[in-house]
>>> print(open('upload_37.cif').read())   # mmCIF, C-alpha atoms and all ligand atoms
data_final
loop_
_atom_site.label_atom_id
_atom_site.label_comp_id
_atom_site.auth_asym_id
_atom_site.auth_seq_id
_atom_site.Cartn_x
_atom_site.Cartn_y
_atom_site.Cartn_z
CA MET A 30 -7.15 14.75 -3.54
CA GLU A 31 -6.71 15.61 -7.19
CA LEU A 32 -5.60 13.17 -9.82
CA ARG A 33 -3.90 15.89 -11.87
CA MET A 34 -4.91 14.09 -15.03
CA ASP A 35 -4.48 17.19 -17.17
CA ALA A 36 -0.98 17.95 -15.94
CA VAL A 37 0.08 14.33 -15.98
CA PHE A 38 -1.59 13.70 -19.32
CA GLY A 39 0.53 16.44 -20.87
CA ARG A 40 3.72 14.77 -19.68
CA LEU A 41 2.40 11.26 -20.30
CA ARG A 42 1.31 12.15 -23.78
CA ALA A 43 4.71 13.53 -24.75
CA GLY A 44 6.53 10.49 -23.35
CA LEU A 45 4.05 7.97 -24.67
CA GLN A 46 3.99 9.51 -28.17
CA ASP A 47 7.79 9.15 -28.37
CA ALA A 48 7.61 5.62 -27.04
CA LEU A 49 4.84 4.72 -29.49
CA ALA A 50 6.81 6.11 -32.42
CA GLU A 51 9.79 3.94 -31.53
CA ALA A 52 7.88 0.88 -30.31
CA ARG A 53 7.95 -2.26 -32.37
CA GLU A 54 5.01 -3.68 -30.47
CA PRO A 55 1.95 -2.25 -28.66
CA LEU A 56 2.73 -0.22 -25.60
CA CYS A 57 2.28 -1.28 -22.00
CA ALA A 58 3.78 0.70 -19.12
CA TYR A 59 3.62 1.83 -15.55
CA VAL A 60 4.24 5.55 -15.26
CA TYR A 61 5.00 7.09 -11.88
CA ASP A 62 4.71 10.81 -11.21
CA MET A 63 7.43 11.33 -8.63
CA GLN A 64 6.68 15.02 -8.19
CA ALA A 65 3.10 14.17 -7.24
CA LEU A 66 4.37 11.50 -4.83
CA HIS A 67 6.71 13.96 -3.16
CA ALA A 68 4.03 16.65 -2.84
CA HIS A 69 1.41 14.23 -1.49
CA ALA A 70 3.81 12.68 1.05
CA ALA A 71 5.02 16.10 2.20
CA ARG A 72 1.40 17.27 2.73
CA THR A 73 0.55 14.06 4.57
CA MET A 74 3.53 14.40 6.89
CA ALA A 75 2.98 18.12 7.52
CA ALA A 76 -0.54 17.43 8.84
CA LEU A 77 0.64 14.87 11.44
CA PRO A 78 0.05 15.99 15.03
CA GLN A 79 2.97 16.20 17.46
CA GLN A 80 3.79 12.92 19.13
CA CYS A 81 2.89 11.07 15.93
CA GLU A 82 5.16 9.23 13.54
CA LEU A 83 4.49 7.86 10.10
CA PHE A 84 6.31 4.90 8.59
CA TYR A 85 5.73 3.86 4.97
CA ALA A 86 4.57 0.23 4.56
CA ILE A 87 6.73 -0.73 1.59
CA LYS A 88 4.57 -3.72 0.62
CA ALA A 89 2.36 -1.23 -1.25
CA ASN A 90 5.20 -0.36 -3.65
CA SER A 91 8.85 -1.04 -2.93
CA GLU A 92 10.42 0.30 -6.16
CA LEU A 93 13.65 2.14 -5.39
CA PRO A 94 12.69 5.54 -6.87
CA VAL A 95 9.54 5.44 -4.74
CA LEU A 96 11.50 4.58 -1.60
CA ARG A 97 14.16 7.20 -2.42
CA THR A 98 11.48 9.86 -2.73
CA LEU A 99 9.81 8.87 0.53
CA ALA A 100 12.85 8.10 2.71
CA PRO A 101 13.71 11.74 3.52
CA LEU A 102 10.07 12.57 4.30
CA VAL A 103 8.79 9.72 6.48
CA HIS A 104 10.00 8.53 9.89
CA GLY A 105 11.00 5.17 8.47
CA PHE A 106 9.86 2.08 6.60
CA GLU A 107 7.67 -0.79 7.71
CA VAL A 108 8.67 -4.18 6.31
CA SER A 109 6.78 -7.47 6.47
CA SER A 110 9.30 -10.05 5.33
CA GLY A 111 12.97 -10.89 5.41
CA GLY A 112 13.10 -9.96 1.73
CA GLU A 113 11.74 -6.47 2.38
CA LEU A 114 14.07 -6.08 5.35
CA ALA A 115 17.12 -7.03 3.27
CA TRP A 116 15.99 -4.71 0.42
CA VAL A 117 15.63 -1.73 2.74
CA ARG A 118 18.84 -2.39 4.63
CA GLU A 119 20.80 -2.82 1.36
CA HIS A 120 19.63 0.52 -0.03
CA PHE A 121 18.79 2.55 3.09
CA PRO A 122 21.22 1.42 5.80
CA HIS A 123 20.32 4.32 8.11
CA THR A 124 16.54 4.57 7.68
CA PRO A 125 14.61 3.35 10.75
CA VAL A 126 12.78 0.10 10.09
CA ILE A 127 9.97 -1.69 11.88
CA PHE A 128 9.22 -5.33 11.14
CA SER A 129 5.66 -6.73 11.12
CA GLY A 130 3.92 -9.69 9.59
CA PRO A 131 2.64 -13.14 10.47
CA GLY A 132 4.65 -16.36 10.17
CA LYS A 133 8.13 -14.89 10.55
CA LEU A 134 10.87 -17.49 10.04
CA ASP A 135 13.68 -17.97 12.55
CA GLY A 136 16.01 -16.75 9.79
CA GLU A 137 13.98 -13.54 9.45
CA LEU A 138 13.98 -12.92 13.20
CA GLN A 139 17.72 -13.57 13.20
CA ALA A 140 18.19 -11.09 10.34
CA ALA A 141 16.22 -8.47 12.30
CA LEU A 142 18.57 -9.01 15.27
CA GLU A 143 21.64 -8.73 13.06
CA LEU A 144 20.55 -5.78 10.95
CA GLY A 145 18.87 -3.88 13.77
CA VAL A 146 15.28 -2.68 13.72
CA ASP A 147 13.38 0.01 15.63
CA GLY A 148 10.64 -2.40 16.56
CA LEU A 149 9.73 -6.02 16.00
CA HIS A 150 5.99 -6.67 16.04
CA LEU A 151 5.31 -10.06 17.54
CA GLU A 152 2.24 -11.98 16.46
CA SER A 153 2.02 -14.95 18.83
CA VAL A 154 3.39 -16.47 22.04
CA HIS A 155 5.42 -18.92 19.94
CA GLU A 156 7.00 -15.98 18.12
CA ILE A 157 7.89 -14.40 21.49
CA GLU A 158 9.53 -17.67 22.54
CA ARG A 159 11.46 -18.03 19.29
CA LEU A 160 12.73 -14.45 19.28
CA GLY A 161 13.54 -14.66 23.00
CA SER A 162 15.53 -17.88 22.49
CA LEU A 163 17.43 -16.42 19.52
CA ALA A 164 18.17 -13.18 21.40
CA ALA A 165 19.31 -15.09 24.50
CA ARG A 166 22.03 -16.71 22.38
CA ARG A 167 23.40 -13.36 21.21
CA ALA A 168 25.44 -10.93 23.25
CA ASP A 169 24.96 -8.04 20.83
CA VAL A 170 21.18 -7.95 20.35
CA ALA A 171 20.90 -4.15 20.38
CA PRO A 172 22.94 -1.13 21.49
CA GLY A 173 21.22 -1.22 24.90
CA GLY A 174 21.40 -5.00 24.93
CA ARG A 175 17.63 -5.42 24.50
CA VAL A 176 15.44 -6.01 21.48
CA PRO A 177 12.57 -3.48 21.13
CA VAL A 178 9.32 -5.39 20.62
CA LEU A 179 5.64 -4.49 20.26
CA LEU A 180 2.86 -7.02 20.75
CA ARG A 181 0.33 -7.12 17.93
CA ILE A 182 -3.09 -7.44 19.50
CA ASN A 183 -6.28 -8.43 17.75
CA LEU A 184 -8.77 -6.29 19.61
CA ALA A 185 -12.51 -7.01 19.47
CA LEU A 186 -14.31 -3.70 19.92
CA ASP A 187 -18.00 -3.04 20.49
CA GLY A 188 -19.47 -1.16 17.55
CA LEU A 189 -16.33 -1.42 15.38
CA ALA A 190 -17.29 -0.07 11.94
CA GLU A 191 -16.12 -2.71 9.46
CA THR A 192 -14.48 -1.93 6.13
CA ARG A 193 -14.12 -4.23 3.11
CA LEU A 194 -10.84 -5.65 4.45
CA MET A 195 -10.67 -6.64 8.10
CA MET A 196 -7.48 -7.99 9.70
CA GLY A 197 -8.86 -7.98 13.24
CA GLY A 198 -11.80 -7.27 15.51
CA LYS A 199 -12.95 -10.83 14.77
CA PRO A 200 -11.35 -14.25 14.24
CA THR A 201 -8.31 -13.80 11.97
CA PRO A 202 -4.80 -15.28 11.83
CA PHE A 203 -3.28 -11.92 12.83
CA GLY A 204 -1.94 -10.89 16.22
CA ILE A 205 -2.69 -12.13 19.72
CA PRO A 206 -6.35 -12.06 20.80
CA ALA A 207 -6.75 -9.54 23.65
CA ALA A 208 -7.61 -12.31 26.13
CA GLY A 209 -4.15 -13.80 25.50
CA LEU A 210 -2.31 -10.66 26.65
CA PRO A 211 -1.55 -11.74 30.27
CA ALA A 212 0.01 -15.00 29.05
CA ALA A 213 2.00 -13.17 26.37
CA LEU A 214 3.32 -10.65 28.91
CA ALA A 215 4.33 -13.48 31.22
CA ARG A 216 6.34 -15.16 28.45
CA LEU A 217 7.90 -11.84 27.46
CA ARG A 218 9.11 -11.30 31.06
CA ALA A 219 10.93 -14.63 30.87
CA TYR A 220 13.32 -13.08 28.31
CA PRO A 221 15.22 -10.09 29.72
CA GLN A 222 16.74 -9.56 26.25
CA LEU A 223 13.32 -8.43 24.96
CA ALA A 224 12.01 -5.00 25.91
CA LEU A 225 8.28 -4.31 25.50
CA ARG A 226 8.04 -0.93 23.79
CA GLY A 227 4.33 -0.94 23.08
CA PHE A 228 1.36 -2.37 21.23
CA HIS A 229 0.65 -2.81 17.57
CA PHE A 230 -2.80 -2.79 15.97
CA HIS A 231 -3.78 -3.18 12.34
CA LEU A 232 -7.43 -4.13 12.45
CA LEU A 233 -8.46 -3.00 8.98
CA SER A 234 -7.59 -1.52 5.62
CA HIS A 235 -9.68 0.54 3.13
CA GLN A 236 -10.83 3.02 5.75
CA LEU A 237 -12.54 5.92 4.02
CA ASP A 238 -14.38 7.36 7.02
CA ALA A 239 -12.25 9.78 9.07
CA GLN A 240 -14.73 9.91 11.97
CA ALA A 241 -14.84 6.11 12.25
CA HIS A 242 -11.03 6.05 12.22
CA LEU A 243 -10.89 8.65 15.01
CA ARG A 244 -13.20 6.48 17.11
CA LEU A 245 -10.81 3.59 16.49
CA MET A 246 -7.84 5.72 17.61
CA ALA A 247 -9.74 6.70 20.77
CA SER A 248 -10.43 3.02 21.52
CA TYR A 249 -6.75 2.14 21.08
CA LEU A 250 -5.63 4.96 23.39
CA ARG A 251 -8.10 4.04 26.13
CA GLN A 252 -7.38 0.34 25.89
CA VAL A 253 -3.62 0.76 26.05
CA LYS A 254 -3.92 3.12 29.02
CA LEU A 255 -5.96 0.48 30.81
CA TRP A 256 -3.46 -2.30 30.05
CA CYS A 257 -0.55 -0.15 31.21
CA ALA A 258 -2.33 0.49 34.52
CA GLN A 259 -3.44 -3.15 34.95
CA HIS A 260 -0.06 -4.69 34.15
CA GLY A 261 2.29 -1.93 35.34
CA LEU A 262 3.73 -1.32 31.87
CA ASP A 263 5.92 1.56 30.77
CA ILE A 264 5.73 1.85 26.98
CA GLY A 265 6.87 4.29 24.30
CA HIS A 266 4.68 3.52 21.29
CA ILE A 267 1.23 2.63 20.13
CA ASN A 268 1.44 1.50 16.53
CA VAL A 269 -2.00 2.12 15.05
CA GLY A 270 -1.25 0.33 11.77
CA GLY A 271 -2.09 1.47 8.28
CA GLY A 272 -5.42 1.17 6.58
CA ILE A 273 -6.26 4.64 5.28
CA GLY A 274 -8.19 3.86 2.12
CA VAL A 275 -8.34 5.18 -1.40
CA ASN A 276 -11.73 5.54 -3.01
CA TYR A 277 -11.44 3.92 -6.45
CA ARG A 278 -15.14 4.17 -7.13
CA GLU A 279 -15.70 7.88 -6.35
CA GLU A 280 -12.50 9.75 -6.97
CA GLN A 281 -13.77 12.94 -5.33
CA ALA A 282 -14.79 11.26 -2.05
CA GLN A 283 -11.46 10.53 -0.36
CA PHE A 284 -10.42 10.10 3.27
CA ASP A 285 -10.10 13.52 4.93
CA TRP A 286 -6.54 13.20 6.24
CA GLN A 287 -6.17 16.89 7.15
CA GLY A 288 -9.43 16.90 9.16
CA PHE A 289 -8.54 13.57 10.74
CA CYS A 290 -5.16 14.88 11.88
CA SER A 291 -6.54 18.06 13.46
CA GLU A 292 -9.11 16.07 15.42
CA LEU A 293 -6.50 13.49 16.35
CA ALA A 294 -4.36 16.25 17.88
CA ARG A 295 -7.31 17.21 20.14
CA LEU A 296 -7.98 13.58 21.01
CA MET A 297 -4.36 13.03 22.00
CA GLN A 298 -4.49 16.02 24.34
CA GLN A 299 -7.62 14.65 26.02
CA GLU A 300 -6.22 11.12 26.33
CA ALA A 301 -2.68 12.23 27.14
CA MET A 302 -0.14 9.48 27.67
CA PRO A 303 3.07 11.44 28.28
CA GLY A 304 6.06 10.11 26.38
CA VAL A 305 3.95 7.73 24.28
CA LYS A 306 4.04 8.20 20.51
CA LEU A 307 1.37 7.17 18.04
CA ARG A 308 2.92 5.52 15.02
CA PHE A 309 1.19 5.03 11.66
CA GLU A 310 2.39 2.58 9.04
CA LEU A 311 0.56 3.60 5.87
CA GLY A 312 0.91 1.89 2.51
CA ARG A 313 -1.92 2.46 0.05
CA TYR A 314 -2.63 6.06 1.02
CA MET A 315 0.98 7.10 0.42
CA THR A 316 1.58 5.78 -3.09
CA ALA A 317 -1.72 4.97 -4.83
CA TRP A 318 -2.00 8.41 -6.46
CA CYS A 319 1.43 8.57 -8.05
CA GLY A 320 1.06 5.55 -10.37
CA TYR A 321 -0.62 5.07 -13.77
CA TYR A 322 -0.95 1.88 -15.76
CA ALA A 323 -1.06 2.52 -19.51
CA MET A 324 -2.08 -0.08 -22.11
CA GLU A 325 -2.45 0.23 -25.86
CA VAL A 326 -5.69 -1.07 -27.34
CA ILE A 327 -5.00 -4.17 -29.44
CA ASP A 328 -8.50 -5.23 -30.38
CA ILE A 329 -12.15 -4.24 -30.02
CA LYS A 330 -14.97 -6.67 -30.47
CA ALA A 331 -18.66 -7.14 -29.88
CA SER A 332 -19.97 -10.34 -28.32
CA TYR A 333 -23.66 -11.00 -27.71
CA GLY A 334 -24.53 -7.40 -26.96
CA LYS A 335 -21.35 -6.45 -25.06
CA THR A 336 -18.30 -4.58 -26.31
CA TYR A 337 -14.84 -5.66 -25.24
CA VAL A 338 -11.69 -3.59 -25.51
CA VAL A 339 -8.61 -5.81 -25.38
CA GLY A 340 -5.52 -4.02 -24.08
CA ARG A 341 -1.83 -4.89 -24.14
CA GLY A 342 -1.17 -6.32 -20.65
CA GLY A 343 -3.82 -7.20 -18.11
CA THR A 344 -4.37 -8.25 -14.53
CA HIS A 345 -1.02 -10.10 -14.43
CA HIS A 346 0.47 -6.57 -14.39
CA PHE A 347 -2.34 -4.72 -12.69
CA ARG A 348 -4.25 -6.95 -10.30
CA THR A 349 -5.76 -4.08 -8.32
CA PRO A 350 -9.23 -4.19 -9.98
CA PRO A 351 -9.94 -7.91 -9.42
CA ALA A 352 -8.24 -7.80 -6.01
CA GLN A 353 -10.61 -5.02 -4.95
CA GLY A 354 -13.56 -6.33 -6.96
CA HIS A 355 -14.06 -3.00 -8.70
CA SER A 356 -14.21 -1.55 -12.19
CA HIS A 357 -11.11 0.62 -12.33
CA PRO A 358 -11.49 4.18 -13.66
CA PHE A 359 -9.58 4.88 -16.87
CA HIS A 360 -9.05 7.61 -19.45
CA VAL A 361 -8.71 7.20 -23.21
CA MET A 362 -5.63 8.87 -24.67
CA PRO A 363 -6.25 9.21 -28.42
CA VAL A 364 -3.33 8.26 -30.66
CA GLU A 365 -3.65 9.33 -34.31
CA ALA A 366 -1.07 7.06 -35.92
CA TRP A 367 -2.60 3.94 -37.54
CA PRO A 368 -0.21 1.62 -39.37
CA TYR A 369 -2.66 -0.70 -41.18
CA PRO A 370 -4.23 -0.17 -44.66
CA TYR A 371 -7.79 -1.00 -43.50
CA ALA A 372 -10.39 0.80 -41.36
CA ARG A 373 -9.56 1.18 -37.70
CA PRO A 374 -11.77 -0.87 -35.32
CA GLN A 375 -13.48 1.41 -32.80
CA ALA A 376 -16.32 1.67 -30.30
CA GLN A 377 -18.35 4.85 -30.13
CA ASP A 378 -20.95 6.13 -27.62
CA THR A 379 -21.31 2.78 -25.95
CA ALA A 380 -20.41 0.92 -22.76
CA VAL A 381 -17.25 -1.16 -22.90
CA SER A 382 -15.42 -3.66 -20.73
CA VAL A 383 -11.63 -3.50 -20.71
CA VAL A 384 -9.84 -6.83 -20.63
CA GLY A 385 -6.24 -7.95 -20.96
CA GLN A 386 -4.37 -10.67 -22.82
CA LEU A 387 -4.86 -13.53 -20.38
CA CYS A 388 -6.82 -16.65 -21.30
CA THR A 389 -9.26 -16.26 -18.44
CA PRO A 390 -12.59 -14.42 -18.16
CA LYS A 391 -11.27 -13.02 -14.86
CA ASP A 392 -8.82 -10.78 -16.70
CA VAL A 393 -11.11 -7.73 -16.47
CA LEU A 394 -9.87 -4.26 -15.52
CA ALA A 395 -13.03 -2.25 -16.04
CA PHE A 396 -16.58 -3.18 -16.94
CA ASP A 397 -19.65 -1.54 -18.50
CA VAL A 398 -18.03 1.89 -18.75
CA PRO A 399 -19.59 4.40 -21.16
CA VAL A 400 -17.05 5.85 -23.60
CA SER A 401 -17.53 8.42 -26.34
CA ARG A 402 -14.85 6.82 -28.53
CA VAL A 403 -12.05 4.32 -28.22
CA ARG A 404 -10.04 2.94 -31.16
CA CYS A 405 -7.45 0.25 -31.67
CA GLY A 406 -4.09 1.95 -31.18
CA ASP A 407 -5.39 4.43 -28.56
CA VAL A 408 -3.86 4.18 -25.10
CA LEU A 409 -5.94 3.57 -21.97
CA VAL A 410 -4.55 5.17 -18.82
CA PHE A 411 -5.59 3.80 -15.42
CA PRO A 412 -4.85 6.20 -12.53
CA LEU A 413 -4.55 5.17 -8.84
CA ALA A 414 -2.10 2.45 -9.81
CA GLY A 415 0.81 3.29 -7.50
CA ALA A 416 -0.07 0.97 -4.59
CA TYR A 417 -0.81 -2.76 -4.48
CA ALA A 418 -0.73 -2.78 -8.27
CA TRP A 419 2.45 -4.16 -9.90
CA HIS A 420 3.58 -5.52 -6.52
CA ILE A 421 0.56 -7.74 -5.96
CA SER A 422 0.34 -9.03 -9.54
CA HIS A 423 1.19 -12.51 -10.88
CA HIS A 424 3.76 -11.19 -13.37
CA ASP A 425 4.80 -14.40 -15.06
CA PHE A 426 1.46 -15.99 -15.78
CA LEU A 427 1.61 -16.70 -19.55
CA ARG A 428 5.13 -15.23 -19.67
CA HIS A 429 4.09 -12.04 -21.40
CA ARG A 430 6.74 -9.33 -21.43
CA HIS A 431 6.73 -7.12 -18.33
CA PRO A 432 5.54 -3.52 -18.74
CA HIS A 433 8.00 -0.63 -18.97
CA GLN A 434 8.45 1.26 -15.71
CA TRP A 435 8.83 5.02 -16.15
CA TYR A 436 9.51 7.54 -13.44
CA LEU A 437 8.64 11.13 -14.30
CA HIS A 438 10.81 13.58 -12.34
CA ALA A 439 12.59 10.82 -10.48
CA GLU A 440 14.98 13.40 -9.04
CA ALA A 441 12.17 14.93 -6.91
C1 LIG B 1 0.59 -4.96 9.54
C2 LIG B 1 0.28 -4.05 8.43
N1 LIG B 1 0.61 -2.75 8.53
C3 LIG B 1 0.36 -1.87 7.53
C4 LIG B 1 -0.25 -2.28 6.36
C5 LIG B 1 -0.51 -1.26 5.29
O1 LIG B 1 -1.87 -1.11 5.13
P1 LIG B 1 -2.44 -0.01 4.12
O2 LIG B 1 -1.76 -0.19 2.84
O3 LIG B 1 -3.90 -0.32 4.07
O4 LIG B 1 -2.15 1.34 4.74
C6 LIG B 1 -0.63 -3.62 6.21
C7 LIG B 1 -1.29 -4.08 5.00
O5 LIG B 1 -1.79 -5.15 4.86
C8 LIG B 1 -0.35 -4.52 7.27
O6 LIG B 1 -0.69 -5.82 7.16
#
>>> encode(input="upload_37.cif", output="structure tokens", more="lines below")
Ligand SMILES: Cc1ncc(COP(=O)(O)O)c(C=O)c1O
Amino acid sequence: MELRMDAVFGRLRAGLQDALAEAREPLCAYVYDMQALHAHAARTMAALPQQCELFYAIKANSELPVLRTLAPLVHGFEVSSGGELAWVREHFPHTPVIFSGPGKLDGELQAALELGVDGLHLESVHEIERLGSLAARRADVAPGGRVPVLLRINLALDGLAETRLMMGGKPTPFGIPAAGLPAALARLRAYPQLALRGFHFHLLSHQLDAQAHLRLMASYLRQVKLWCAQHGLDIGHINVGGGIGVNYREEQAQFDWQGFCSELARLMQQEAMPGVKLRFELGRYMTAWCGYYAMEVIDIKASYGKTYVVGRGGTHHFRTPPAQGHSHPFHVMPVEAWPYPYARPQAQDTAVSVVGQLCTPKDVLAFDVPVSRVRCGDVLVFPLAGAYAWHISHHDFLRHRHPHQWYLHAEA
């Protein structure tokens, strides 16, 4: 996976120089490369084996230009709240939607019944009961009269290779523990309005190891086959969740999606379940690469042997580094204009930490990074900022102005 810094820098530079010339205050912006998003999504989809589907998990980035770029390429969108469902239905009335997430409200289940979804992922027996009761009161639950549901199962697997973010395979609030499946199926049968279409798993995120992920897929396939035989089930889907990671620490060592897909095709032939589709719901892997967070350097200072570069903005815009506990890679874009009559503060051939404008020592985006030169007025550009970046940030802490949002080639 290439970051295309040179190509993007050319376009960024031109846009940012214009913006800097006009700006009345230091610059702070998200820049999205829509051409790169389109190309990456098209490549990702083209590699998918037959009998596989890929939905985009919009929680990673639900900006409209992003969704408009992805909608024609993916099989649909995955939403995890009533707000996301309403957003998608308002702007994409015909795009297939699947609805996941813990703690769904009655109002959200009701909205799913009214707006129509391709699959509702149920997380507990109580959720089955609530949806069943709501559906029983409606005559028009779905074209066929039945609501398509998948049961989210928290599966404990021997030898499961853990990642940095586990949603299952151990005690978590997500899904129904495998031992609870017979009871869940019994409750489901009590509601003829609900049709079991399959099983949903999302045991982990941040997966960087394609072989480990293939082993996980094999475990899902075997387990579901066993359940179908044991309980006499006829299903159409196994939703294998999202979780394909992005390596923020080593940009050249990324998940091998192409290799994963070719081996998955072989695996699916071996473990054939005729008529059953494997459905992915990927977030981070789809959009991380298309986004850049750019901040102008406001101040540079030395403190007890460390050098701090203070940028316009911070983790209230770009929470990805503290959320992941990493030092985010960045590039220095030199800007020659300097409006003040005195010497320009700078750091040269030294390690710096990049911080934002928040009054907390936790507002750190990168730490102990060697730089050849960075000056006040230069712009720092953080790549890999297209997923779980703006959308997971606490925007209004300190009520700083929000960053600009630019979409390069939004027509792609
Ligand atoms: C149920 C579910 N599906 C899909 C995703 C998307 O995961 P990722 O962005 O790691 O692909 C998440 C993320 O938390 C999730 O909770």
>>> closest_atom_pairs(input="upload_37.cif", of="range 172-217 of chain A", to="range 227-233 of chain A", cutoff="12 Å", atoms="all atoms listed in the file", output="tab-separated table")
residue	atom	partner	partner_atom	distance
A:Pro177	CA	A:Gly227	CA	8.8
A:Val178	CA	A:Gly227	CA	7.1
A:Leu179	CA	A:Gly227	CA	4.7
A:Leu180	CA	A:Phe228	CA	4.9
A:Arg181	CA	A:His229	CA	4.3
A:Ile182	CA	A:Phe230	CA	5.8
A:Asn183	CA	A:Phe230	CA	6.9
A:Leu184	CA	A:Leu232	CA	7.6
A:Ala185	CA	A:Leu232	CA	9.1
A:Leu186	CA	A:Leu232	CA	10.2
A:Leu189	CA	A:Leu232	CA	9.8
A:Ala190	CA	A:Leu233	CA	9.8
A:Glu191	CA	A:Leu233	CA	7.7
A:Thr192	CA	A:Leu233	CA	6.7
A:Arg193	CA	A:Leu233	CA	8.2
A:Leu194	CA	A:Leu233	CA	5.8
A:Met195	CA	A:Leu233	CA	4.3
A:Met196	CA	A:Leu232	CA	4.7
A:Gly197	CA	A:Leu232	CA	4.2
A:Gly198	CA	A:Leu232	CA	6.2
A:Lys199	CA	A:Leu232	CA	9.0
A:Pro200	CA	A:Leu232	CA	11.0
A:Thr201	CA	A:Leu232	CA	9.7
A:Pro202	CA	A:Leu232	CA	11.5
A:Phe203	CA	A:His231	CA	8.8
A:Gly204	CA	A:Phe230	CA	8.1
A:Ile205	CA	A:Phe230	CA	10.1
A:Pro206	CA	A:Phe230	CA	11.0
A:Ala207	CA	A:Phe230	CA	11.0
A:Leu210	CA	A:Phe228	CA	10.6
A:Ala213	CA	A:Phe228	CA	12.0
A:Leu214	CA	A:Gly227	CA	11.4
>>> closest_residue(input="upload_37.cif", among="A:Glu113, A:Asp135, A:Glu143, A:Glu300", to="His155 in chain A", atoms="only C-alpha atoms")
A:Asp135
>>> closest_residue(input="upload_37.cif", among="A:Ile421, A:Ala366, A:Ile264, A:Ala372", to="ligand LIG 1 (chain B)", atoms="only C-alpha atoms and all ligand atoms")
A:Ile421
>>> residues_near_ligand(input="upload_37.cif", ligand="ligand LIG 1 (chain B)", cutoff="8 Å", atoms="all atoms listed in the file", output="list in words")
Ala86, Lys88, Ala89, Glu107, Ser109, Ser129, Gly130, Met196, Phe230, His231, Leu233, Ser234, His235, Gln236, Gly270, Gly271, Gly272, Ile273, Gly274, Glu310, Leu311, Gly312, Arg313, Tyr314, Met315, Ala416 and Tyr417 of chain A
>>> closest_atom_pairs(input="upload_37.cif", of="range 306-424 of chain A", to="range 36-54 of chain A", cutoff="12 Å", atoms="only C-alpha atoms", output="CSV")
residue,atom,partner,partner_atom,distance
A:Trp318,CA,A:Val37,CA,11.4
A:Cys319,CA,A:Val37,CA,9.9
A:Gly320,CA,A:Val37,CA,10.5
A:Tyr321,CA,A:Leu41,CA,9.5
A:Tyr322,CA,A:Leu41,CA,10.9
A:Ala323,CA,A:Leu45,CA,9.1
A:Met324,CA,A:Leu45,CA,10.4
A:Glu325,CA,A:Leu49,CA,9.3
A:Val326,CA,A:Glu54,CA,11.4
A:Ile327,CA,A:Glu54,CA,10.1
A:Arg341,CA,A:Glu54,CA,9.4
A:Gly342,CA,A:Glu54,CA,11.9
A:His360,CA,A:Phe38,CA,9.6
A:Val361,CA,A:Phe38,CA,10.4
A:Met362,CA,A:Arg42,CA,7.7
A:Pro363,CA,A:Arg42,CA,9.3
A:Val364,CA,A:Gln46,CA,7.8
A:Glu365,CA,A:Gln46,CA,9.8
A:Ala366,CA,A:Ala50,CA,8.7
A:Trp367,CA,A:Ala50,CA,10.9
A:Pro368,CA,A:Ala50,CA,10.9
A:Gly406,CA,A:Leu49,CA,9.5
A:Asp407,CA,A:Leu49,CA,10.3
A:Val408,CA,A:Leu45,CA,8.8
A:Leu409,CA,A:Leu45,CA,11.2
A:Val410,CA,A:Phe38,CA,9.0
A:Phe411,CA,A:Phe38,CA,11.4
A:Pro412,CA,A:Val37,CA,10.1
>>> atom_distance(input="upload_37.cif", atom1="CA of Ala65 in chain A", atom2="CA of Gln281 in chain A")
17.0 Å
>>> closest_residue(input="upload_37.cif", among="A:Ser422, A:Asn90, A:Gln139, A:Gln434", to="Arg348 in chain A", atoms="only C-alpha atoms")
A:Ser422
>>> closest_residue(input="upload_37.cif", among="A:Ser91, A:Gln222, A:Asn268, A:Gln80", to="Leu142 in chain A", atoms="all atoms listed in the file")
A:Gln222
>>> atom_distance(input="upload_37.cif", atom1="CA of Gly340 in chain A", atom2="CA of Leu66 in chain A")
26.6 Å
>>> atom_distance(input="upload_37.cif", atom1="CA of Leu217 in chain A", atom2="CA of Asp263 in chain A")
13.9 Å
>>> decode(input="upload_37.cif", residues="range 94-100 of chain A", atoms="N, CA and C atoms", output="compact mmCIF listing (two decimals), in the first residue's frame")
# COMPACT_ATOMS: atom_id res chain seq x y z
N PRO A 94 -19.00 12.89 0.98
CA PRO A 94 -18.19 12.60 -0.22
C PRO A 94 -17.54 11.21 -0.15
N VAL A 95 -17.20 10.80 1.07
CA VAL A 95 -16.60 9.47 1.25
C VAL A 95 -17.65 8.40 0.92
N LEU A 96 -18.84 8.57 1.47
CA LEU A 96 -19.90 7.58 1.22
C LEU A 96 -20.31 7.58 -0.26
N ARG A 97 -20.32 8.78 -0.87
CA ARG A 97 -20.71 8.84 -2.29
C ARG A 97 -19.69 8.13 -3.17
N THR A 98 -18.43 8.23 -2.78
CA THR A 98 -17.38 7.55 -3.55
C THR A 98 -17.51 6.03 -3.39
N LEU A 99 -17.83 5.59 -2.16
CA LEU A 99 -17.83 4.16 -1.91
C LEU A 99 -19.12 3.47 -2.33
N ALA A 100 -20.25 4.19 -2.26
CA ALA A 100 -21.56 3.54 -2.49
C ALA A 100 -21.62 2.72 -3.78
